[in-house]
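J.: Quick one: this structure, given as structure tokens, is what I'll be asking you about.
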Amino acid sequence: MAFRARDIGLRAASALVLAPAAILATWGGGWWFAALIAAACILLAREWALMSARGAQRMVWGAVAAALVAVVLIAHVGHVPAALITLVFGAALAGAFARRLGQQGLDAAYGVLYLGWPAILFIWLRGQPDGLGWTVLLFMTAWSADVLAYLVGTLLKGPKLWPRFSPNKTWSGFIGGLIGGLAAGALVTASPWPDLGTLSVVWGAALGLAGAIATMAGDLWESALKRRYGVKDSGDLIPGHGGLLDRVDGLMFAVVVIAAGHVLLQWMGVI
């Protein structure tokens, strides 16, 4: 079956624009990486408000964005527990503010939690002594799973994965995504750069597989959210992808799994 050439071309062009910015900020670390995460949070807050608070989009956007930027800055200066506490209070305040505007307070509060928790983990993971390698592992695993799932699913099609919420996703694409994530985890770990210390290829493959599952779970979860709010895309920021949330939904789930893997393997003495 022929690929949808125009759609794939748009996706490739978008990736060529977005990937270098992410790579350079990840390489630089520090304030560069924090600025990347903060900017992404502001854009994601806008898309969340567009979906969930159509009667007061700008005001809810501002409230959600303010809470997210605050937790990113607090996490960046090394106070992750304080960032988590701020996240909870920021969600409560954003929810109360949205309710005063006649919007659904729980939607605004959930938006802060949904977007803020991965943002904190991104900052924490990159800030580790081996954070560059682990962040590269995260990006490569999520991107490979996403790309392979799309390409294999488009080529082979077959039975639907979850037609109620995401009619275009198939089991063939899911399996392709698993293979992509597993292979990416193994290859990144086996390569001379980035330095992942004592992490073996087997553990790298296991992390890649777990990250791939999380990536596709995040994609499905966002599909369910869009169905709830009655929208096709979270926005139109990125040609071929829709909104930024459509592009990073899987990455937001993957960072939770990869960060948990880092903690677990450190506790086990593997790294």
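Residue numbering restarts at 1 in every chain; chains get A, B, ... in the order shown in the structure tokens, and ligands count up from 1 in that same order.
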Residues within 9 Å of Ala22 of chain A, please, as a list in words. Count only C-alpha atoms; anything in the same chain fewer than 4 positions from it doesn't count.

T.: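 Listing them by chain and then by number gives Leu18, Thr26, Trp27, Phe33 and Leu36 of chain A.
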
J.: Save the residues we just selected, all heavy atoms, as an mmCIF file, in the first residue's frame?

T.:
```cif
data_model
loop_
_atom_site.group_PDB
_atom_site.id
_atom_site.type_symbol
_atom_site.label_atom_id
_atom_site.label_comp_id
_atom_site.auth_asym_id
_atom_site.auth_seq_id
_atom_site.Cartn_x
_atom_site.Cartn_y
_atom_site.Cartn_z
ATOM 1 N N LEU A 18 12.051 20.897 14.597
ATOM 2 C CA LEU A 18 11.943 20.737 16.044
ATOM 3 C C LEU A 18 13.120 19.984 16.663
ATOM 4 O O LEU A 18 13.600 20.350 17.739
ATOM 5 C CB LEU A 18 10.646 19.997 16.380
ATOM 6 C CG LEU A 18 9.345 20.744 16.083
ATOM 7 C CD1 LEU A 18 8.160 19.820 16.302
ATOM 8 C CD2 LEU A 18 9.218 21.976 16.971
ATOM 9 N N THR A 26 19.218 20.091 24.872
ATOM 10 C CA THR A 26 19.576 18.939 25.694
ATOM 11 C C THR A 26 21.079 18.868 25.879
ATOM 12 O O THR A 26 21.580 18.602 26.971
ATOM 13 C CB THR A 26 19.059 17.642 25.041
ATOM 14 O OG1 THR A 26 17.635 17.725 24.908
ATOM 15 C CG2 THR A 26 19.409 16.430 25.887
ATOM 16 N N TRP A 27 21.805 19.108 24.808
ATOM 17 C CA TRP A 27 23.273 19.107 24.872
ATOM 18 C C TRP A 27 23.758 20.196 25.828
ATOM 19 O O TRP A 27 24.635 19.962 26.659
ATOM 20 C CB TRP A 27 23.850 19.327 23.485
ATOM 21 C CG TRP A 27 25.349 19.482 23.457
ATOM 22 C CD1 TRP A 27 26.062 20.627 23.663
ATOM 23 C CD2 TRP A 27 26.303 18.459 23.226
ATOM 24 N NE1 TRP A 27 27.402 20.382 23.577
ATOM 25 C CE2 TRP A 27 27.586 19.054 23.301
ATOM 26 C CE3 TRP A 27 26.210 17.094 22.947
ATOM 27 C CZ2 TRP A 27 28.764 18.328 23.125
ATOM 28 C CZ3 TRP A 27 27.383 16.374 22.767
ATOM 29 C CH2 TRP A 27 28.639 16.989 22.849
ATOM 30 N N PHE A 33 18.250 24.030 28.755
ATOM 31 C CA PHE A 33 17.254 22.971 28.796
ATOM 32 C C PHE A 33 16.018 23.424 29.569
ATOM 33 O O PHE A 33 14.880 23.140 29.172
ATOM 34 C CB PHE A 33 17.852 21.721 29.451
ATOM 35 C CG PHE A 33 16.984 20.497 29.306
ATOM 36 C CD1 PHE A 33 16.820 19.892 28.075
ATOM 37 C CD2 PHE A 33 16.334 19.957 30.403
ATOM 38 C CE1 PHE A 33 16.031 18.762 27.928
ATOM 39 C CE2 PHE A 33 15.546 18.833 30.274
ATOM 40 C CZ PHE A 33 15.393 18.228 29.034
ATOM 41 N N LEU A 36 13.940 25.537 27.333
ATOM 42 C CA LEU A 36 13.201 24.714 26.362
ATOM 43 C C LEU A 36 11.938 24.135 27.007
ATOM 44 O O LEU A 36 10.847 24.209 26.429
ATOM 45 C CB LEU A 36 14.087 23.578 25.855
ATOM 46 C CG LEU A 36 13.386 22.545 24.968
ATOM 47 C CD1 LEU A 36 13.056 23.124 23.605
ATOM 48 C CD2 LEU A 36 14.250 21.289 24.813
#
```

J.: Would you return as a list in words the members of segment 11-195 of chain A that DSSP assigns to strand (DSSP E) on this structure's backbone?

T.: Lys160, Leu161, Trp162, Ser166, Pro167, Asn168, Lys169 and Thr170 of chain A

J.: Those residues with C-alpha atoms, as a CSV table (one decimal), in the first residue's frame please?

T.:
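Heads up, here's the output in selection.csv:
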```
chain,number,residue,atom,x,y,z
A,160,LYS,CA,-7.5,-1.5,15.3
A,161,LEU,CA,-5.8,-1.1,18.6
A,162,TRP,CA,-8.5,1.1,20.4
A,166,SER,CA,-8.2,6.3,18.2
A,167,PRO,CA,-9.6,4.8,15.0
A,168,ASN,CA,-6.4,5.1,13.1
A,169,LYS,CA,-4.0,3.2,15.4
A,170,THR,CA,-3.5,-0.5,14.7
```

J.: So, with only C-alpha atoms as the atoms that count, which of A:Asp195, A:Pro159, A:Gly55, A:Asp146 lies closest to Ile179 of chain A?

T.: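 Comparing A:Asp195, A:Pro159, A:Gly55, A:Asp146 against Ile179 of chain A, the winner is A:Asp146.
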
J.: Quick one: everything within 12 Å of Trp203 of chain A, counting only C-alpha atoms, minus sequence neighbours fewer than 4 positions away in the same chain. Send it as an mmCIF file with C-alpha atoms, in the first residue's frame.

T.:
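As a result, selection27.cif now contains:
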```cif
data_model
loop_
_atom_site.group_PDB
_atom_site.id
_atom_site.type_symbol
_atom_site.label_atom_id
_atom_site.label_comp_id
_atom_site.auth_asym_id
_atom_site.auth_seq_id
_atom_site.Cartn_x
_atom_site.Cartn_y
_atom_site.Cartn_z
ATOM 1 C CA LEU A 137 18.053 7.598 25.537
ATOM 2 C CA LEU A 182 13.603 -1.705 21.953
ATOM 3 C CA ALA A 183 16.078 -1.274 19.097
ATOM 4 C CA ALA A 184 16.686 2.382 19.926
ATOM 5 C CA GLY A 185 17.357 1.578 23.596
ATOM 6 C CA ALA A 186 19.848 -1.139 22.666
ATOM 7 C CA LEU A 187 21.617 0.940 20.013
ATOM 8 C CA VAL A 188 21.953 4.052 22.181
ATOM 9 C CA THR A 189 23.359 1.976 25.036
ATOM 10 C CA ALA A 190 25.792 0.149 22.733
ATOM 11 C CA LEU A 196 25.670 5.711 29.893
ATOM 12 C CA GLY A 197 28.309 4.350 32.247
ATOM 13 C CA THR A 198 27.761 0.737 33.293
ATOM 14 C CA LEU A 199 24.315 0.410 31.708
ATOM 15 C CA LEU A 207 14.286 0.501 29.043
ATOM 16 C CA GLY A 208 13.621 1.102 25.357
ATOM 17 C CA LEU A 209 10.789 -1.425 25.376
ATOM 18 C CA ALA A 210 9.246 0.065 28.517
ATOM 19 C CA GLY A 211 9.637 3.560 27.093
ATOM 20 C CA ILE A 258 12.644 6.277 32.010
ATOM 21 C CA GLY A 261 14.014 3.175 35.520
ATOM 22 C CA HIS A 262 16.921 5.442 36.459
ATOM 23 C CA LEU A 264 15.287 1.681 40.169
ATOM 24 C CA LEU A 265 18.580 0.777 38.504
ATOM 25 C CA VAL A 270 23.274 -1.378 38.227
ATOM 26 C CA ILE A 271 24.319 2.211 37.487
#
```

J.: I want to know what sits within 8 Å of segment 156-158 of chain A, based on only C-alpha atoms, with residues of the same chain fewer than 4 positions away left out; could you give that as a list in words?

T.: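 Listed by chain and then number, they are Met1, Val152, Thr170, Trp171, Ser172 and Gly173 of chain A.
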